[in-house]
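Peer 1: Following this message is one structure expressed as C-alpha cells.
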Amino acid sequence: SESQISGLLSVCNTAIENPFLLFHAGPTYHMVTNAVVLLCHLLNGLHAMKVTPAFGAAESKLFDEVFDTFSAIRKLLAIHREKLPSKLRCHLIPRPNFASSPEEPFIDLGETLLCTCRGCQGFVLMACSPCVAAERARDARNRLAEEEALERQQQHQQQLDSVDIGELDQELDMMGAEFNVDDDELLNMISSVITN
C-alpha cells in the first residue's frame, strides 16, 4: 500500500541522513537491511510491470524514487557490513541488473548472502518455495563458514606480521631492557650522569 511504501522510504532515508544509527545497539541495522530487501521486492514488481499498460507516469516516478533510495542505502549498508564481524553481518544486497528483461528480476535476491538470523531470512525468501528457502539457508551457512575462515586467516596473518621483529625493533627492545631496572639503580645512573 502507499503508506507501507512511504514507511519503507522513510526508514531508508532516515538511515541515509543519519548513518550512525546503524551502530545503535539492537536490531536497527538488521531492520534497515530488511527494509531494503522489501524495497528490492517492490522494485522487482515495478520492473515486471513495465511492459503492462498499468505502468504509467506515477509508477515510473515511484520506480525512480525507490531506485534512488535503494542505490544510496545499498552503498551505505555495504560499507557498514564490511566493518562488522561475520557473525553480526546481515544480508549482502546484490546489485541491480540493468540488462534484465521484465520477465527476469531487476534485483536477483537469489544472489543474496543471507543473514544467519532466521527472522531476517524470511524477508529475502518471501517469494520462494520451502525447498528453495532451505537450500538458500544452507548456502548462507556455508558462505558464513567461508567468511569466518577467511576472517580467522586474515587475523592469524596480522598476528604473524606483528610478531615479525626487524633490526630496529630489536634495538629498541634492547634499549628498553637496559633501563628495565629498579628505582635505586636508576637513581644511581642519573646521579652518575649528573656528576660527569
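We label chains A, B, ... in the order they appear in the C-alpha cells, count residues from 1 in each chain, and number ligands from 1 in the order shown.
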Any idea what's packed within 10 Å of Cys120 (chain A), counting only C-alpha atoms, ignoring anything in its chain fewer than 6 positions away? Could you give it as a compact mmCIF listing (two decimals) with C-alpha atoms, in the first residue's frame?

Peer 2:
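Writing the result to result.txt gives the following:
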```txt
# COMPACT_ATOMS: atom_id res chain seq x y z
CA HIS A 30 19.01 -5.61 10.63
CA MET A 31 15.70 -3.72 10.42
CA THR A 33 18.61 -4.07 5.84
CA ASN A 34 15.26 -5.86 5.79
CA VAL A 37 15.05 -6.12 0.94
CA CYS A 90 23.08 -9.04 7.79
CA HIS A 91 22.23 -9.68 4.13
CA LEU A 114 21.76 -14.36 3.71
```

Peer 1: So, with only C-alpha atoms as the atoms that count, which of A:Cys115, A:Ala78, A:Val193, A:Arg95 lies closest to Asn142 (chain A)?

Peer 2: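 Between A:Cys115, A:Ala78, A:Val193, A:Arg95, the residue approaching Asn142 (chain A) most closely is A:Cys115.
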
Peer 1: Have a look at A:Tyr29, A:Glu2, A:Ile73, A:Pro94 and name the one nearest to Phe106 (chain A); count only C-alpha atoms.

Peer 2: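 Looking only at the distances to Phe106 (chain A), the closest residue turns out to be A:Pro94.
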
Peer 1: So which one's closest to Arg89 (chain A), A:Leu9, A:Leu46, A:Leu113, A:Ala72? Using only C-alpha atoms, please.

Peer 2: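 Checking each of A:Leu9, A:Leu46, A:Leu113, A:Ala72 against Arg89 (chain A), counting only C-alpha atoms, the winner is A:Leu113.
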